[in-house]
$ cat data01.cif   # mmCIF, C-alpha atoms
data_my_file
loop_
_atom_site.label_atom_id
_atom_site.label_comp_id
_atom_site.auth_asym_id
_atom_site.auth_seq_id
_atom_site.Cartn_x
_atom_site.Cartn_y
_atom_site.Cartn_z
CA MET A 55 -14.64 -23.39 -21.17
CA ASP A 56 -13.10 -26.87 -21.24
CA GLU A 57 -9.67 -25.52 -22.12
CA GLU A 58 -6.30 -25.15 -20.43
CA TYR A 59 -5.06 -21.73 -19.33
CA ASP A 60 -1.82 -20.46 -17.85
CA VAL A 61 -3.71 -18.37 -15.29
CA ILE A 62 -7.32 -18.27 -14.12
CA VAL A 63 -8.42 -15.14 -12.24
CA LEU A 64 -11.51 -15.17 -10.00
CA GLY A 65 -13.10 -11.82 -9.14
CA THR A 66 -12.89 -8.55 -11.05
CA GLY A 67 -11.65 -6.27 -8.27
CA LEU A 68 -8.91 -3.79 -9.16
CA THR A 69 -6.10 -6.04 -7.88
CA GLU A 70 -7.32 -9.00 -9.92
CA CYS A 71 -7.90 -6.94 -13.09
CA ILE A 72 -4.44 -5.35 -12.98
CA LEU A 73 -2.78 -8.75 -12.54
CA SER A 74 -4.94 -10.18 -15.32
CA GLY A 75 -3.85 -7.36 -17.62
CA ILE A 76 -0.15 -7.78 -16.76
CA MET A 77 -0.26 -11.55 -17.30
CA SER A 78 -2.00 -11.12 -20.67
CA VAL A 79 0.49 -8.49 -21.84
CA ASN A 80 3.28 -10.91 -20.84
CA GLY A 81 1.88 -13.56 -23.17
CA LYS A 82 -0.01 -15.72 -20.66
CA LYS A 83 -3.32 -17.34 -21.65
CA VAL A 84 -5.78 -15.90 -19.10
CA LEU A 85 -9.37 -16.79 -18.18
CA HIS A 86 -11.04 -14.20 -15.94
CA MET A 87 -14.32 -15.08 -14.19
CA ASP A 88 -16.64 -13.35 -11.72
CA ARG A 89 -19.74 -14.70 -10.00
CA ASN A 90 -21.29 -11.21 -10.20
CA PRO A 91 -22.95 -9.74 -13.32
CA TYR A 92 -20.79 -6.58 -13.04
CA TYR A 93 -17.10 -5.63 -12.93
CA GLY A 94 -15.30 -4.41 -9.83
CA GLY A 95 -16.22 -6.80 -7.02
CA GLU A 96 -15.64 -4.98 -3.74
CA SER A 97 -14.09 -2.04 -5.62
CA SER A 98 -17.08 -1.42 -7.91
CA SER A 99 -19.12 1.77 -8.31
CA ILE A 100 -22.85 1.32 -7.76
CA THR A 101 -25.29 2.84 -10.23
CA PRO A 102 -28.12 3.84 -10.37
CA LEU A 103 -28.74 5.20 -6.87
CA GLU A 104 -31.70 2.80 -6.45
CA GLU A 105 -29.19 -0.10 -6.50
CA LEU A 106 -27.29 1.45 -3.57
CA TYR A 107 -30.49 1.65 -1.55
CA LYS A 108 -31.15 -2.04 -2.31
CA ARG A 109 -27.58 -3.06 -1.47
CA PHE A 110 -27.85 -1.49 1.98
CA SER A 111 -31.41 -2.81 2.48
CA LEU A 112 -33.00 0.62 2.85
CA PRO A 113 -36.80 0.25 2.77
CA ASP A 114 -37.57 3.38 0.75
CA SER A 115 -36.61 4.57 -2.71
CA PRO A 116 -34.36 7.63 -3.08
CA PRO A 117 -36.34 10.88 -2.63
CA GLU A 118 -36.77 13.28 -5.55
CA SER A 119 -34.27 15.65 -3.90
CA MET A 120 -31.52 13.13 -4.81
CA GLY A 121 -32.01 13.84 -8.52
CA ARG A 122 -31.89 11.19 -11.25
CA GLY A 123 -30.71 7.77 -10.08
CA ARG A 124 -28.57 7.22 -13.17
CA ASP A 125 -26.51 10.33 -12.37
CA TRP A 126 -24.94 8.47 -9.42
CA ASN A 127 -21.83 6.24 -9.39
CA VAL A 128 -21.07 5.53 -5.74
CA ASP A 129 -17.77 3.82 -4.88
CA LEU A 130 -17.97 1.02 -2.32
CA ILE A 131 -14.26 1.43 -1.49
CA PRO A 132 -13.47 5.13 -2.03
CA LYS A 133 -9.80 5.86 -2.65
CA PHE A 134 -7.73 8.44 -4.51
CA LEU A 135 -4.70 7.94 -6.75
CA MET A 136 -1.35 9.48 -5.79
CA ALA A 137 -0.38 11.58 -8.83
CA ASN A 138 3.18 10.21 -8.76
CA GLY A 139 2.24 6.85 -7.23
CA GLN A 140 2.43 3.26 -8.36
CA LEU A 141 -1.10 2.97 -9.76
CA VAL A 142 -0.66 6.01 -12.01
CA LYS A 143 2.60 4.45 -13.27
CA MET A 144 0.72 1.23 -14.01
CA LEU A 145 -1.96 3.19 -15.90
CA LEU A 146 0.65 5.08 -17.94
CA TYR A 147 2.83 2.06 -18.78
CA THR A 148 -0.15 -0.02 -19.90
CA GLU A 149 -1.76 3.00 -21.60
CA VAL A 150 -5.02 2.20 -19.83
CA THR A 151 -5.23 6.00 -19.53
CA ARG A 152 -6.74 5.81 -23.03
CA TYR A 153 -10.02 4.66 -21.47
CA LEU A 154 -10.18 7.04 -18.49
CA ASP A 155 -10.35 10.74 -17.65
CA PHE A 156 -9.12 12.12 -14.33
CA LYS A 157 -9.56 15.25 -12.25
CA VAL A 158 -7.22 16.60 -9.60
CA VAL A 159 -8.64 16.36 -6.07
CA GLU A 160 -8.90 19.95 -4.84
CA GLY A 161 -7.35 19.73 -1.40
CA SER A 162 -5.76 17.63 1.32
CA PHE A 163 -6.56 18.55 4.92
CA VAL A 164 -5.72 17.41 8.43
CA TYR A 165 -7.74 17.66 11.65
CA LYS A 166 -6.18 19.25 14.73
CA GLY A 167 -7.85 20.45 17.93
CA GLY A 168 -11.37 20.55 16.50
CA LYS A 169 -10.41 22.40 13.29
CA ILE A 170 -9.47 21.43 9.73
CA TYR A 171 -6.22 22.75 8.21
CA LYS A 172 -4.67 22.39 4.76
CA VAL A 173 -1.76 19.96 4.86
CA PRO A 174 1.51 21.87 4.29
CA SER A 175 4.00 19.85 2.25
CA THR A 176 6.26 22.49 0.68
CA GLU A 177 8.53 25.07 2.27
CA THR A 178 6.22 27.92 1.17
CA GLU A 179 3.09 26.25 2.54
CA ALA A 180 4.88 25.41 5.80
CA LEU A 181 5.71 29.07 6.40
CA ALA A 182 2.14 30.17 5.59
CA SER A 183 0.34 27.46 7.57
CA ASN A 184 -1.76 28.21 10.67
CA LEU A 185 -1.09 24.66 11.86
CA MET A 186 2.16 25.67 13.60
CA GLY A 187 3.76 28.51 15.50
CA MET A 188 6.59 30.60 14.04
CA PHE A 189 9.50 28.60 15.50
CA GLU A 190 7.83 25.27 14.68
CA LYS A 191 7.40 26.44 11.07
CA ARG A 192 11.13 27.06 10.74
CA ARG A 193 11.99 23.65 12.17
CA PHE A 194 9.43 21.94 9.90
CA ARG A 195 10.79 23.85 6.90
CA ARG A 196 14.30 22.51 7.69
CA PHE A 197 12.85 19.00 7.88
CA LEU A 198 11.11 19.40 4.47
CA VAL A 199 14.35 20.66 2.89
CA PHE A 200 16.12 17.56 4.28
CA VAL A 201 13.43 15.28 2.80
CA ALA A 202 13.46 17.07 -0.57
CA ASN A 203 17.25 16.75 -0.86
CA PHE A 204 17.40 13.18 0.49
CA ASP A 205 18.74 10.56 -1.93
CA GLU A 206 19.17 7.07 -0.52
CA ASN A 207 22.06 6.49 -2.98
CA ASP A 208 23.96 9.63 -1.91
CA PRO A 209 25.26 9.59 1.71
CA LYS A 210 26.08 13.31 1.43
CA THR A 211 22.32 14.00 1.71
CA PHE A 212 21.84 12.00 4.94
CA GLU A 213 22.83 14.85 7.36
CA GLY A 214 24.03 12.37 9.99
CA VAL A 215 21.00 10.10 9.61
CA ASP A 216 21.49 6.41 8.73
CA PRO A 217 18.27 5.66 6.79
CA LYS A 218 18.54 1.93 7.41
CA VAL A 219 19.18 2.27 11.16
CA THR A 220 17.96 5.65 12.51
CA THR A 221 14.30 5.45 13.57
CA MET A 222 11.76 8.05 12.46
CA ARG A 223 11.27 8.97 16.10
CA ASP A 224 14.95 9.97 16.25
CA VAL A 225 14.69 11.92 12.98
CA TYR A 226 11.82 13.95 14.46
CA LYS A 227 13.97 14.59 17.57
CA LYS A 228 16.87 15.71 15.37
CA PHE A 229 14.67 18.44 13.86
CA ASP A 230 12.97 19.16 17.22
CA LEU A 231 9.44 18.69 15.86
CA GLY A 232 6.47 18.79 18.28
CA GLN A 233 3.76 16.15 18.65
CA ASP A 234 1.16 17.92 16.47
CA VAL A 235 3.67 18.25 13.61
CA ILE A 236 4.69 14.60 14.05
CA ASP A 237 0.99 13.65 13.87
CA PHE A 238 0.27 15.32 10.55
CA THR A 239 3.67 14.43 9.05
CA GLY A 240 3.32 10.72 9.77
CA HIS A 241 -0.41 10.43 9.03
CA ALA A 242 -1.20 13.13 6.43
CA LEU A 243 2.09 13.15 4.48
CA ALA A 244 3.57 9.65 4.98
CA LEU A 245 -0.01 8.26 5.18
CA TYR A 246 0.56 5.77 7.99
CA ARG A 247 -2.56 4.49 9.77
CA THR A 248 -0.90 4.00 13.17
CA ASP A 249 2.23 5.19 15.00
CA ASP A 250 4.04 1.84 14.66
CA TYR A 251 6.30 3.41 12.00
CA LEU A 252 8.02 5.62 14.60
CA ASP A 253 10.31 2.87 15.84
CA ILE A 254 11.45 1.38 12.54
CA PRO A 255 14.26 2.72 10.29
CA CYS A 256 13.25 5.98 8.61
CA LEU A 257 13.99 5.14 4.95
CA GLU A 258 10.44 4.13 3.99
CA THR A 259 8.88 7.10 5.80
CA VAL A 260 11.19 9.62 4.12
CA ASN A 261 10.41 8.07 0.72
CA ARG A 262 6.67 8.21 1.46
CA ILE A 263 6.90 11.95 2.27
CA LYS A 264 8.91 12.48 -0.93
CA LEU A 265 6.17 10.67 -2.90
CA TYR A 266 3.53 12.97 -1.39
CA SER A 267 5.55 16.11 -2.21
CA GLU A 268 6.38 14.94 -5.75
CA SER A 269 2.72 14.02 -6.37
CA LEU A 270 1.66 17.46 -5.14
CA ALA A 271 4.21 19.10 -7.44
CA ARG A 272 2.59 17.43 -10.48
CA TYR A 273 -0.66 19.43 -10.31
CA GLY A 274 -0.42 21.89 -7.40
CA LYS A 275 -3.79 21.65 -5.65
CA SER A 276 -3.28 18.26 -3.98
CA PRO A 277 -1.29 15.07 -4.61
CA TYR A 278 -4.43 13.09 -5.53
CA LEU A 279 -6.31 12.23 -8.74
CA TYR A 280 -9.77 10.72 -9.16
CA PRO A 281 -11.38 9.22 -12.30
CA LEU A 282 -14.56 10.69 -13.76
CA TYR A 283 -17.54 8.35 -13.30
CA GLY A 284 -15.97 6.66 -10.26
CA LEU A 285 -13.38 4.05 -9.41
CA GLY A 286 -15.37 1.29 -11.10
CA GLU A 287 -13.82 2.55 -14.34
CA LEU A 288 -10.35 1.38 -13.21
CA PRO A 289 -10.95 -2.41 -13.13
CA GLN A 290 -12.84 -2.17 -16.42
CA GLY A 291 -9.89 -0.37 -18.04
CA PHE A 292 -7.45 -3.14 -17.06
CA ALA A 293 -10.00 -5.81 -18.04
CA ARG A 294 -10.11 -4.23 -21.49
CA LEU A 295 -6.30 -4.37 -21.64
CA SER A 296 -6.38 -8.10 -20.82
CA ALA A 297 -9.04 -8.71 -23.49
CA ILE A 298 -6.92 -6.90 -26.12
CA TYR A 299 -4.11 -9.37 -25.40
CA GLY A 300 -6.32 -12.45 -25.64
CA GLY A 301 -7.76 -12.67 -22.13
CA THR A 302 -11.20 -14.33 -21.90
CA TYR A 303 -13.84 -12.76 -19.62
CA MET A 304 -16.92 -14.42 -18.14
CA LEU A 305 -19.24 -12.49 -15.81
CA ASN A 306 -22.18 -14.00 -13.89
CA LYS A 307 -20.25 -17.28 -13.72
CA PRO A 308 -20.66 -19.25 -10.46
CA VAL A 309 -17.58 -21.04 -9.13
CA GLU A 310 -18.45 -24.48 -7.75
CA GLU A 311 -15.00 -25.79 -6.92
CA ILE A 312 -11.31 -25.01 -7.10
CA VAL A 313 -9.86 -28.31 -8.32
CA MET A 314 -6.68 -29.40 -6.55
CA GLU A 315 -4.39 -32.41 -7.18
CA ASP A 316 -1.58 -33.27 -4.75
CA GLY A 317 -1.95 -29.86 -3.07
CA HIS A 318 -1.54 -27.97 -6.36
CA VAL A 319 -4.27 -26.10 -8.24
CA VAL A 320 -5.18 -27.67 -11.59
CA GLY A 321 -8.46 -25.99 -12.48
CA VAL A 322 -11.77 -24.31 -11.64
CA LYS A 323 -15.19 -25.97 -11.94
CA SER A 324 -18.19 -23.89 -13.02
CA GLU A 325 -21.61 -25.09 -14.13
CA GLY A 326 -20.34 -28.65 -14.50
CA GLU A 327 -17.32 -27.76 -16.66
CA VAL A 328 -13.67 -27.62 -15.60
CA ALA A 329 -11.24 -25.03 -16.96
CA ARG A 330 -7.71 -26.22 -16.24
CA CYS A 331 -4.89 -23.91 -15.18
CA LYS A 332 -1.34 -23.77 -13.87
CA GLN A 333 -1.88 -20.80 -11.54
CA LEU A 334 -4.90 -19.17 -9.86
CA ILE A 335 -5.40 -15.58 -8.67
CA CYS A 336 -8.52 -14.71 -6.68
CA ASP A 337 -9.99 -12.36 -4.12
CA PRO A 338 -10.45 -13.74 -0.57
CA SER A 339 -14.17 -14.49 -1.04
CA TYR A 340 -13.38 -17.39 -3.39
CA ILE A 341 -11.06 -19.28 -1.00
CA GLN A 342 -12.24 -18.73 2.55
CA ASP A 343 -10.19 -21.75 3.72
CA ARG A 344 -6.94 -20.12 2.56
CA VAL A 345 -7.35 -16.69 4.15
CA ARG A 346 -7.60 -15.43 7.70
CA LYS A 347 -9.37 -12.43 9.16
CA ALA A 348 -6.90 -9.65 9.94
CA GLY A 349 -9.29 -6.94 11.16
CA GLN A 350 -12.29 -4.89 10.07
CA VAL A 351 -12.96 -1.65 8.22
CA ILE A 352 -16.04 0.48 8.88
CA ARG A 353 -17.04 2.71 5.98
CA VAL A 354 -19.85 5.25 6.14
CA ILE A 355 -20.92 6.68 2.79
CA CYS A 356 -22.67 10.01 3.33
CA VAL A 357 -24.65 11.99 0.76
CA LEU A 358 -24.48 15.77 1.31
CA SER A 359 -26.02 18.84 -0.30
CA HIS A 360 -23.00 21.03 0.47
CA PRO A 361 -19.18 20.90 0.58
CA ILE A 362 -17.45 20.14 3.88
CA LYS A 363 -16.95 23.19 6.10
CA ASN A 364 -13.51 24.87 6.18
CA THR A 365 -12.32 23.23 2.94
CA ASN A 366 -12.67 26.39 0.81
CA ASP A 367 -15.86 24.95 -0.72
CA ALA A 368 -13.83 22.23 -2.44
CA ASN A 369 -15.69 19.90 -4.80
CA SER A 370 -13.32 17.13 -3.70
CA CYS A 371 -10.89 16.69 -0.83
CA GLN A 372 -9.31 14.34 1.66
CA ILE A 373 -9.30 14.94 5.42
CA ILE A 374 -7.14 12.82 7.71
CA ILE A 375 -7.96 12.72 11.41
CA PRO A 376 -4.81 11.40 13.16
CA GLN A 377 -5.43 8.80 15.87
CA ASN A 378 -3.94 10.95 18.64
CA GLN A 379 -6.34 13.81 17.89
CA VAL A 380 -9.39 11.68 18.75
CA ASN A 381 -7.86 9.12 21.15
CA ARG A 382 -8.20 6.19 18.77
CA LYS A 383 -5.89 3.31 17.85
CA SER A 384 -6.05 4.15 14.14
CA ASP A 385 -6.76 7.15 11.92
CA ILE A 386 -10.10 8.23 10.49
CA TYR A 387 -10.10 9.06 6.78
CA VAL A 388 -12.63 11.36 5.15
CA CYS A 389 -12.68 11.40 1.37
CA MET A 390 -15.13 13.56 -0.55
CA ILE A 391 -16.06 13.75 -4.24
CA SER A 392 -19.07 15.31 -5.97
CA TYR A 393 -21.18 16.02 -9.04
CA ALA A 394 -18.03 17.59 -10.55
CA HIS A 395 -16.71 14.04 -11.07
CA ASN A 396 -19.94 12.70 -12.63
CA VAL A 397 -20.60 10.48 -9.60
CA ALA A 398 -23.57 12.38 -8.10
CA ALA A 399 -26.57 14.45 -9.15
CA GLN A 400 -26.07 18.19 -9.65
CA GLY A 401 -25.23 19.97 -6.39
CA LYS A 402 -24.66 16.72 -4.43
CA TYR A 403 -21.52 15.51 -2.65
CA ILE A 404 -20.44 12.04 -1.51
CA ALA A 405 -18.28 11.75 1.60
CA ILE A 406 -17.15 8.97 3.86
CA VAL A 407 -17.35 9.81 7.56
CA SER A 408 -18.78 13.24 8.31
CA THR A 409 -20.17 15.13 11.30
CA THR A 410 -22.01 17.67 9.14
CA PRO A 411 -25.76 17.35 8.41
CA ILE A 412 -26.31 14.66 5.80
CA ASP A 413 -29.11 13.73 3.40
CA GLN A 414 -28.52 9.97 3.67
CA LYS A 415 -25.89 7.57 5.00
CA PHE A 416 -24.94 3.99 4.16
CA VAL A 417 -22.91 2.01 6.73
CA ALA A 418 -20.80 -1.02 5.78
CA ILE A 419 -18.58 -3.10 8.06
CA SER A 420 -16.14 -5.22 6.04
CA ASP A 421 -13.85 -7.96 7.29
CA LEU A 422 -10.21 -7.62 6.25
CA TYR A 423 -8.68 -10.85 4.92
CA GLU A 424 -5.12 -11.84 4.13
CA PRO A 425 -3.77 -15.12 2.68
CA THR A 426 -2.62 -17.80 5.13
CA ASP A 427 0.32 -18.86 2.91
CA ASP A 428 2.35 -17.46 0.01
CA GLY A 429 0.80 -19.78 -2.61
CA THR A 430 4.09 -21.18 -3.93
CA ASP A 431 3.12 -24.80 -3.20
CA SER A 432 -0.53 -24.70 -4.29
CA GLN A 433 -0.08 -21.96 -6.94
CA VAL A 434 -3.23 -20.35 -5.51
CA PHE A 435 -2.62 -16.64 -4.93
CA ALA A 436 -5.19 -14.72 -2.87
CA SER A 437 -5.24 -10.94 -2.82
CA ARG A 438 -5.69 -8.92 0.37
CA THR A 439 -8.91 -7.09 1.21
CA TYR A 440 -8.85 -3.34 0.43
CA ASP A 441 -7.80 -1.47 3.58
CA ALA A 442 -9.07 1.75 5.16
CA THR A 443 -6.58 4.11 3.50
CA THR A 444 -7.81 6.64 0.94
CA HIS A 445 -5.09 5.83 -1.60
CA PHE A 446 -4.03 2.82 -3.70
CA GLU A 447 -0.38 2.45 -2.66
CA THR A 448 -1.08 -0.55 -0.36
CA THR A 449 -3.14 -2.19 -3.13
CA CYS A 450 -0.23 -1.75 -5.56
CA ASN A 451 2.15 -3.28 -3.02
CA ASP A 452 -0.14 -6.34 -2.88
CA ILE A 453 -0.16 -6.56 -6.70
CA LYS A 454 3.67 -6.43 -6.81
CA ASP A 455 3.92 -9.03 -4.04
CA ILE A 456 1.57 -11.47 -5.83
CA TYR A 457 3.45 -10.92 -9.11
CA LYS A 458 6.78 -11.78 -7.46
CA ARG A 459 5.37 -14.93 -5.86
CA MET A 460 3.81 -16.02 -9.17
CA THR A 461 6.78 -15.36 -11.44
CA GLY A 462 9.76 -15.59 -9.09
CA SER A 463 11.03 -12.20 -10.27
CA ASP A 464 10.63 -8.65 -8.96
CA PHE A 465 7.85 -6.52 -10.41
CA ASP A 466 9.12 -4.33 -13.25
CA PHE A 467 6.96 -1.56 -14.72
CA GLU A 468 8.65 -2.16 -18.09
CA ASN A 469 6.90 -5.56 -18.28
CA MET A 470 3.56 -3.74 -18.34
CA LYS A 471 4.26 -1.83 -21.54
CA ARG A 472 2.05 -2.59 -24.52
CA LYS A 473 3.72 -4.65 -27.21
CA GLN A 474 4.06 -3.63 -30.87
CA ASN A 475 1.15 -3.95 -33.28
CA ASP A 476 -1.58 -4.23 -30.70
CA VAL A 477 -5.21 -3.72 -31.60
CA PHE A 478 -4.65 0.02 -32.08
CA GLY A 479 -2.14 -0.74 -34.86
CA GLU A 480 0.37 1.79 -33.55
CA ASP A 481 3.91 0.55 -34.17
CA GLU A 482 6.60 1.80 -31.82
CA GLN A 483 8.68 4.43 -33.53
#
$ encode --input "data01.cif" --output "structure tokens"
Amino acid sequence: MDEEYDVIVLGTGLTECILSGIMSVNGKKVLHMDRNPYYGGESSSITPLEELYKRFSLPDSPPESMGRGRDWNVDLIPKFLMANGQLVKMLLYTEVTRYLDFKVVEGSFVYKGGKIYKVPSTETEALASNLMGMFEKRRFRRFLVFVANFDENDPKTFEGVDPKVTTMRDVYKKFDLGQDVIDFTGHALALYRTDDYLDIPCLETVNRIKLYSESLARYGKSPYLYPLYGLGELPQGFARLSAIYGGTYMLNKPVEEIVMEDGHVVGVKSEGEVARCKQLICDPSYIQDRVRKAGQVIRVICVLSHPIKNTNDANSCQIIIPQNQVNRKSDIYVCMISYAHNVAAQGKYIAIVSTTPIDQKFVAISDLYEPTDDGTDSQVFASRTYDATTHFETTCNDIKDIYKRMTGSDFDFENMKRKQNDVFGEDEQ
């Protein structure tokens, strides 16, 4: 361990493992450590089920009705992957897809007036949806055609909208969309957590809706993918990538001190030894003095013996409950997976947040942390805590932001591509 590295990474959460993989592919000498004996950190999958009971301090063991404990892989931070999103691009460019299998999530739904409706995101679905009246459907269809044709590099597609000036509120007015349609468009298609987006220029929102529609077009049922055996497979896949390119991994390794000289990181001390480095990446738990609390997330993991009502008996789905529908300041996300994804015993379902009868629930309240500075002086780069959303786009934005601060250049997916003659011995043709 008494060596010098370009980058030391502390914590094996998804953010840290992706950055570790990218740095290794780019020729950096990387040491990756975690105080835990398992991969994933906060984004790990817990197995067997007995471990989940211990983690949440439940006094009893799982009942026999829960099936075999080893059949369970329960995500602590359940999220889906947008089929056309940034994380899928990262997986494809790095070829980490070699180590993973995915299933399409069967449906995306939105809550309105006490009922659950499928989210319409194409012209055909808009016209067939029970979410809107006849005239509203036509107006929404016009809006979707505008979004589908929109190209930020072609002013002919703007239809009088200035994407860098016109607010999203004004775009909704232009198409005469009602409040319920605005709710599900902003929260179930653009995937915003609050209504703050309404009064900023519309470019990002339009691009978010395009991403949703393009992701849906990839597979048809929904825009989301989910890995078999749980999200814990994702950090392990990127860790394997880093190892292929020379990265060194040490689990169950306590961190005693982050060694600083003149305000700049120079190493990490563990079990009396110091590994020296030029740059440090870590999750917030390793540098509490360099992060601040930015909020909280409450997650309730529910085990069910049935699919969620009004979802066409889907084995997996997402339900978004917009803030205005339940008089809250932020949305409620429900994300469900099941035995079909090899994460639960036969006939069992795992959901976060549910009002249906449940077999067991596990409640976790997590503090949200963000770095207090950009790390350019100290070369210590802290990731952000995983937020409440049920997708990985915000996590990918954090990865790209850290990359830019570390390297001084914008994130480029091309830099993630495997090099020639890697361990698989497959030369580029």
$ resolve_selection --input "data01.cif" --expression "the PyMOL selection byres ((chain A and resi 227-234) around 7)" --output "ChimeraX atom specification"
/A:190,193-194,197,223-226,235-238
$ resolve_selection --input "data01.cif" --expression "the PyMOL selection byres ((chain A and resi 389-406) around 7)" --output "ChimeraX atom specification"
/A:120-122,125-128,282-284,353-361,369-373,387-388,407-408,444
$ write_last_selection --input "data01.cif" --atoms "C-alpha atoms" --output "compact mmCIF listing (two decimals), keeping the file's coordinate frame"
# COMPACT_ATOMS: atom_id res chain seq x y z
CA MET A 120 -31.52 13.13 -4.81
CA GLY A 121 -32.01 13.84 -8.52
CA ARG A 122 -31.89 11.19 -11.25
CA ASP A 125 -26.51 10.33 -12.37
CA TRP A 126 -24.94 8.47 -9.42
CA ASN A 127 -21.83 6.24 -9.39
CA VAL A 128 -21.07 5.53 -5.74
CA LEU A 282 -14.56 10.69 -13.76
CA TYR A 283 -17.54 8.35 -13.30
CA GLY A 284 -15.97 6.66 -10.26
CA ARG A 353 -17.04 2.71 5.98
CA VAL A 354 -19.85 5.25 6.14
CA ILE A 355 -20.92 6.68 2.79
CA CYS A 356 -22.67 10.01 3.33
CA VAL A 357 -24.65 11.99 0.76
CA LEU A 358 -24.48 15.77 1.31
CA SER A 359 -26.02 18.84 -0.30
CA HIS A 360 -23.00 21.03 0.47
CA PRO A 361 -19.18 20.90 0.58
CA ASN A 369 -15.69 19.90 -4.80
CA SER A 370 -13.32 17.13 -3.70
CA CYS A 371 -10.89 16.69 -0.83
CA GLN A 372 -9.31 14.34 1.66
CA ILE A 373 -9.30 14.94 5.42
CA TYR A 387 -10.10 9.06 6.78
CA VAL A 388 -12.63 11.36 5.15
CA VAL A 407 -17.35 9.81 7.56
CA SER A 408 -18.78 13.24 8.31
CA THR A 444 -7.81 6.64 0.94
$ closest_residue --input "data01.cif" --among "A:Met87, A:Val260, A:Leu305, A:Ile352" --to "Ser384 in chain A" --atoms "only C-alpha atoms"
A:Ile352
$ residues_around --input "data01.cif" --residues "Ser296 in chain A" --least-positions-apart "2" --cutoff "12 Å" --atoms "only C-alpha atoms" --output "ChimeraX atom specification"
/A:61,63,66,70-86,148,150,289-294,298-303,470,472,476-477
$ residues_around --input "data01.cif" --residues "Arg262 in chain A" --least-positions-apart "3" --cutoff "12 Å" --atoms "only C-alpha atoms" --output "VMD selection string"
chain A and resid 136 138 to 140 175 201 to 202 204 239 to 246 251 256 to 259 265 to 269 447 to 448
$ closest_residue --input "data01.cif" --among "A:Val434, A:Val309, A:Leu64, A:Ala137" --to "Glu325 in chain A" --atoms "only C-alpha atoms"
A:Val309
$ atom_distance --input "data01.cif" --atom1 "CA of Ile263 in chain A" --atom2 "CA of Tyr423 in chain A"
27.7 Å
$ closest_residue --input "data01.cif" --among "A:Ala442, A:Ile362, A:Ala418, A:Val328" --to "Phe163 in chain A" --atoms "all atoms listed in the file"
A:Ile362
$ residues_around --input "data01.cif" --residues "Met222 in chain A" --least-positions-apart "5" --cutoff "7 Å" --atoms "only C-alpha atoms" --output "PyMOL selection string"
chain A and resi 252-256
$ atom_distance --input "data01.cif" --atom1 "CA of Arg196 in chain A" --atom2 "CA of Lys166 in chain A"
21.9 Å
$ closest_residue --input "data01.cif" --among "A:Thr220, A:Ser339, A:Thr248, A:Thr178" --to "Ala436 in chain A" --atoms "all atoms listed in the file"
A:Ser339
